[in-house]
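Written below as structure tokens is the structure these notes are about.
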Amino acid sequence: MYLVYQPEGSDEPTRWKYDPKKLMSVEREMLERRTERDFSDFTKAVQRGNSLCRRALLFMYLKRDHPGTRWEDVDFAWDELTLEHSRQELQLIREEVSKSMTGDQLAAALEQLDAEIVEAHDDQEAEGKATLPVVE
């Protein structure tokens with residue numbers, strides 16, 4: 001999964017690979033303190049679109065690139081920050097959907113996923129080993 005940030009007026013988005021299982025303990029603890037959620041709840045909230053959790057995640061990535069970044073500096077319009085699944089993750093989701101849905105519901109879901117797979121960013125590192133970005 002990728003966190004994609006494109007503030008208004010920028011030509012190209014900034015894309016960070018988001019794999020919560022690979023975050024270091026200092027970053028996980030900072031995210032927990034900022035959001036007042038344990039890390040497994042944080043990862044689920046990011047997926048569900050919790051604004052505070054997404055702000056904290058953006059802060060973490062911006063701070064990696066620009067150590068002087070302060071919490072107060074991180075402000076974004078909702079359409080400037082998105083989460084995108086990689087092609088490999090979408091293929092994994094497609095497999096799971098095929099097991100759990102049937103009929104017209106399955107056909108509609110597969111049609112949507114196939115369209116997203118065509119447009120998705122390819123994560124060469126995840127080839128054959130993609131997992132979904134939620135920590136249990």
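Going by the structure tokens order, chains are called A, B, ..., each with residues numbered from 1, while ligands are numbered from 1 in the order shown.
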Show me, as a tab-separated table, the residues of segment 50-82 of chain A having an atom within 12 Å of segment 18-35 of chain A, each with the closest atom pair and its distance in Å, using only C-alpha atoms.
residue	atom	partner	partner_atom	distance
A:Asn50	CA	A:Thr35	CA	9.9
A:Ser51	CA	A:Thr35	CA	10.0
A:Leu52	CA	A:Thr35	CA	6.5
A:Cys53	CA	A:Thr35	CA	6.1
A:Arg54	CA	A:Thr35	CA	9.6
A:Arg55	CA	A:Thr35	CA	9.3
A:Ala56	CA	A:Leu31	CA	6.1
A:Leu57	CA	A:Leu31	CA	7.1
A:Leu58	CA	A:Leu31	CA	10.3
A:Phe59	CA	A:Leu31	CA	9.2
A:Met60	CA	A:Glu27	CA	7.1
A:Tyr61	CA	A:Tyr18	CA	9.4
A:Lys63	CA	A:Glu27	CA	10.4
A:Arg64	CA	A:Glu27	CA	10.0
A:Trp71	CA	A:Arg34	CA	9.3
A:Thr82	CA	A:Tyr18	CA	11.5
For this session: Report the residues of segment 4-112 of chain A whose backbone DSSP state falls under helix (DSSP H, G or I), written as JSON, numbers by chain.
Result: {"A": [20, 21, 22, 25, 26, 27, 28, 29, 30, 31, 32, 33, 34, 35, 39, 40, 41, 42, 43, 44, 45, 46, 47, 48, 51, 52, 53, 54, 55, 56, 57, 58, 59, 60, 61, 62, 63, 64, 65, 71, 72, 73, 78, 79, 80, 87, 88, 89, 90, 91, 92, 93, 94, 95, 96, 97, 98, 99, 100, 103, 104, 105, 106, 107, 108, 109, 110, 111, 112]}
The selected residues should be written to file as a short mmCIF file (atom, residue, chain, number, x, y, z; two decimals), in the first residue's frame (atoms: C-alpha atoms).
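The new file result02.cif reads:
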data_model
loop_
_atom_site.label_atom_id
_atom_site.label_comp_id
_atom_site.auth_asym_id
_atom_site.auth_seq_id
_atom_site.Cartn_x
_atom_site.Cartn_y
_atom_site.Cartn_z
CA PRO A 20 2.87 -1.10 9.02
CA LYS A 21 4.68 -4.35 9.79
CA LYS A 22 7.96 -2.72 8.75
CA SER A 25 9.12 0.82 17.28
CA VAL A 26 9.89 4.54 17.72
CA GLU A 27 7.57 5.37 14.81
CA ARG A 28 4.84 2.99 16.01
CA GLU A 29 4.99 4.50 19.50
CA MET A 30 4.83 8.05 18.12
CA LEU A 31 1.76 7.10 16.07
CA GLU A 32 0.14 5.59 19.17
CA ARG A 33 0.84 8.72 21.25
CA ARG A 34 -0.39 11.11 18.54
CA THR A 35 -3.61 9.20 17.91
CA PHE A 39 -1.06 0.24 16.80
CA SER A 40 -3.45 -2.45 15.53
CA ASP A 41 -6.39 -0.04 15.94
CA PHE A 42 -4.35 2.68 14.24
CA THR A 43 -3.72 0.55 11.13
CA LYS A 44 -7.43 -0.25 10.84
CA ALA A 45 -8.37 3.41 11.34
CA VAL A 46 -5.98 4.47 8.58
CA GLN A 47 -7.74 2.04 6.24
CA ARG A 48 -11.19 3.30 7.27
CA SER A 51 -8.34 11.84 9.49
CA LEU A 52 -6.21 12.06 12.66
CA CYS A 53 -4.55 8.73 11.91
CA ARG A 54 -3.84 9.72 8.33
CA ARG A 55 -2.42 13.04 9.51
CA ALA A 56 -0.13 11.22 11.95
CA LEU A 57 1.01 8.87 9.19
CA LEU A 58 1.71 11.79 6.85
CA PHE A 59 3.60 13.51 9.66
CA MET A 60 5.76 10.42 10.16
CA TYR A 61 6.69 10.22 6.47
CA LEU A 62 7.27 13.96 6.10
CA LYS A 63 9.47 13.92 9.21
CA ARG A 64 11.55 11.12 7.70
CA ASP A 65 12.21 13.27 4.63
CA TRP A 71 3.06 18.44 13.88
CA GLU A 72 1.56 21.90 13.49
CA ASP A 73 3.00 22.09 9.94
CA TRP A 78 -8.84 15.55 2.06
CA ASP A 79 -8.26 15.09 -1.67
CA GLU A 80 -4.52 15.77 -1.33
CA ARG A 87 -1.27 -4.09 -8.01
CA GLN A 88 -0.16 -7.12 -5.98
CA GLU A 89 -2.41 -6.20 -3.03
CA LEU A 90 -5.38 -5.72 -5.34
CA GLN A 91 -4.76 -9.14 -6.85
CA LEU A 92 -4.75 -10.60 -3.34
CA ILE A 93 -8.02 -8.79 -2.55
CA ARG A 94 -9.46 -10.13 -5.81
CA GLU A 95 -8.64 -13.69 -4.75
CA GLU A 96 -10.28 -13.20 -1.35
CA VAL A 97 -13.39 -11.60 -2.89
CA SER A 98 -13.73 -14.56 -5.25
CA LYS A 99 -13.92 -16.84 -2.23
CA SER A 100 -16.47 -14.81 -0.28
CA GLY A 103 -23.45 -13.88 -8.36
CA ASP A 104 -23.97 -10.26 -9.39
CA GLN A 105 -22.21 -8.98 -6.29
CA LEU A 106 -19.08 -10.95 -7.21
CA ALA A 107 -19.22 -9.82 -10.85
CA ALA A 108 -19.49 -6.15 -9.85
CA ALA A 109 -16.66 -6.42 -7.33
CA LEU A 110 -14.38 -8.20 -9.81
CA GLU A 111 -15.13 -5.63 -12.50
CA GLN A 112 -14.18 -2.79 -10.16
#
For this session: Report the residues of segment 14-94 of chain A whose backbone DSSP state falls under strand (DSSP E or B), written as a PyMOL selection string.
Result: chain A and resi 14-17+81-84
Selection from above, all heavy atoms, as a PDB file, in the first residue's frame, can you write it?
ATOM      1  N   THR A  14       3.974  12.744  -4.028  1.00  0.00           N
ATOM      2  CA  THR A  14       4.985  12.009  -3.278  1.00  0.00           C
ATOM      3  C   THR A  14       4.341  10.715  -2.839  1.00  0.00           C
ATOM      4  O   THR A  14       3.230  10.711  -2.317  1.00  0.00           O
ATOM      5  CB  THR A  14       5.462  12.813  -2.050  1.00  0.00           C
ATOM      6  OG1 THR A  14       5.974  14.070  -2.510  1.00  0.00           O
ATOM      7  CG2 THR A  14       6.543  12.071  -1.292  1.00  0.00           C
ATOM      8  N   ARG A  15       5.031   9.616  -3.063  1.00  0.00           N
ATOM      9  CA  ARG A  15       4.483   8.283  -2.781  1.00  0.00           C
ATOM     10  C   ARG A  15       5.421   7.567  -1.815  1.00  0.00           C
ATOM     11  O   ARG A  15       6.604   7.424  -2.086  1.00  0.00           O
ATOM     12  CB  ARG A  15       4.381   7.515  -4.090  1.00  0.00           C
ATOM     13  CG  ARG A  15       3.859   6.115  -4.001  1.00  0.00           C
ATOM     14  CD  ARG A  15       3.891   5.426  -5.360  1.00  0.00           C
ATOM     15  NE  ARG A  15       3.214   6.192  -6.381  1.00  0.00           N
ATOM     16  CZ  ARG A  15       1.904   6.127  -6.647  1.00  0.00           C
ATOM     17  NH1 ARG A  15       1.154   5.296  -5.976  1.00  0.00           N
ATOM     18  NH2 ARG A  15       1.367   6.876  -7.586  1.00  0.00           N
ATOM     19  N   TRP A  16       4.867   7.158  -0.669  1.00  0.00           N
ATOM     20  CA  TRP A  16       5.625   6.383   0.306  1.00  0.00           C
ATOM     21  C   TRP A  16       5.015   4.997   0.407  1.00  0.00           C
ATOM     22  O   TRP A  16       3.790   4.850   0.493  1.00  0.00           O
ATOM     23  CB  TRP A  16       5.570   7.015   1.691  1.00  0.00           C
ATOM     24  CG  TRP A  16       6.217   8.354   1.805  1.00  0.00           C
ATOM     25  CD1 TRP A  16       7.539   8.625   1.953  1.00  0.00           C
ATOM     26  CD2 TRP A  16       5.544   9.622   1.834  1.00  0.00           C
ATOM     27  NE1 TRP A  16       7.732   9.976   2.065  1.00  0.00           N
ATOM     28  CE2 TRP A  16       6.530  10.614   1.996  1.00  0.00           C
ATOM     29  CE3 TRP A  16       4.209  10.018   1.724  1.00  0.00           C
ATOM     30  CZ2 TRP A  16       6.230  11.960   2.063  1.00  0.00           C
ATOM     31  CZ3 TRP A  16       3.904  11.362   1.784  1.00  0.00           C
ATOM     32  CH2 TRP A  16       4.895  12.320   1.948  1.00  0.00           C
ATOM     33  N   LYS A  17       5.854   3.989   0.446  1.00  0.00           N
ATOM     34  CA  LYS A  17       5.369   2.635   0.660  1.00  0.00           C
ATOM     35  C   LYS A  17       4.959   2.506   2.125  1.00  0.00           C
ATOM     36  O   LYS A  17       5.749   2.783   3.028  1.00  0.00           O
ATOM     37  CB  LYS A  17       6.434   1.608   0.320  1.00  0.00           C
ATOM     38  CG  LYS A  17       5.904   0.199   0.440  1.00  0.00           C
ATOM     39  CD  LYS A  17       6.863  -0.803  -0.098  1.00  0.00           C
ATOM     40  CE  LYS A  17       6.242  -2.178   0.117  1.00  0.00           C
ATOM     41  NZ  LYS A  17       6.768  -3.160  -0.751  1.00  0.00           N
ATOM     42  N   LEU A  81      -4.457  13.732  -0.008  1.00  0.00           N
ATOM     43  CA  LEU A  81      -3.826  12.572   0.621  1.00  0.00           C
ATOM     44  C   LEU A  81      -4.685  11.339   0.377  1.00  0.00           C
ATOM     45  O   LEU A  81      -5.865  11.319   0.735  1.00  0.00           O
ATOM     46  CB  LEU A  81      -3.666  12.810   2.131  1.00  0.00           C
ATOM     47  CG  LEU A  81      -2.863  11.768   2.891  1.00  0.00           C
ATOM     48  CD1 LEU A  81      -1.387  11.828   2.498  1.00  0.00           C
ATOM     49  CD2 LEU A  81      -3.010  11.981   4.394  1.00  0.00           C
ATOM     50  N   THR A  82      -4.094  10.329  -0.239  1.00  0.00           N
ATOM     51  CA  THR A  82      -4.839   9.101  -0.518  1.00  0.00           C
ATOM     52  C   THR A  82      -4.006   7.885  -0.140  1.00  0.00           C
ATOM     53  O   THR A  82      -2.782   7.961  -0.026  1.00  0.00           O
ATOM     54  CB  THR A  82      -5.212   8.997  -2.017  1.00  0.00           C
ATOM     55  OG1 THR A  82      -4.011   9.031  -2.792  1.00  0.00           O
ATOM     56  CG2 THR A  82      -6.142  10.109  -2.437  1.00  0.00           C
ATOM     57  N   LEU A  83      -4.692   6.791   0.038  1.00  0.00           N
ATOM     58  CA  LEU A  83      -4.059   5.484   0.194  1.00  0.00           C
ATOM     59  C   LEU A  83      -4.350   4.711  -1.079  1.00  0.00           C
ATOM     60  O   LEU A  83      -5.479   4.712  -1.557  1.00  0.00           O
ATOM     61  CB  LEU A  83      -4.654   4.720   1.374  1.00  0.00           C
ATOM     62  CG  LEU A  83      -4.195   5.115   2.749  1.00  0.00           C
ATOM     63  CD1 LEU A  83      -4.987   4.359   3.797  1.00  0.00           C
ATOM     64  CD2 LEU A  83      -2.710   4.843   2.944  1.00  0.00           C
ATOM     65  N   GLU A  84      -3.332   4.075  -1.618  1.00  0.00           N
ATOM     66  CA  GLU A  84      -3.508   3.292  -2.826  1.00  0.00           C
ATOM     67  C   GLU A  84      -2.936   1.893  -2.610  1.00  0.00           C
ATOM     68  O   GLU A  84      -1.811   1.752  -2.124  1.00  0.00           O
ATOM     69  CB  GLU A  84      -2.780   3.938  -4.010  1.00  0.00           C
ATOM     70  CG  GLU A  84      -3.320   5.274  -4.404  1.00  0.00           C
ATOM     71  CD  GLU A  84      -2.527   5.908  -5.533  1.00  0.00           C
ATOM     72  OE1 GLU A  84      -1.524   5.294  -6.010  1.00  0.00           O
ATOM     73  OE2 GLU A  84      -2.880   7.023  -5.937  1.00  0.00           O
TER      74      GLU A  84
END
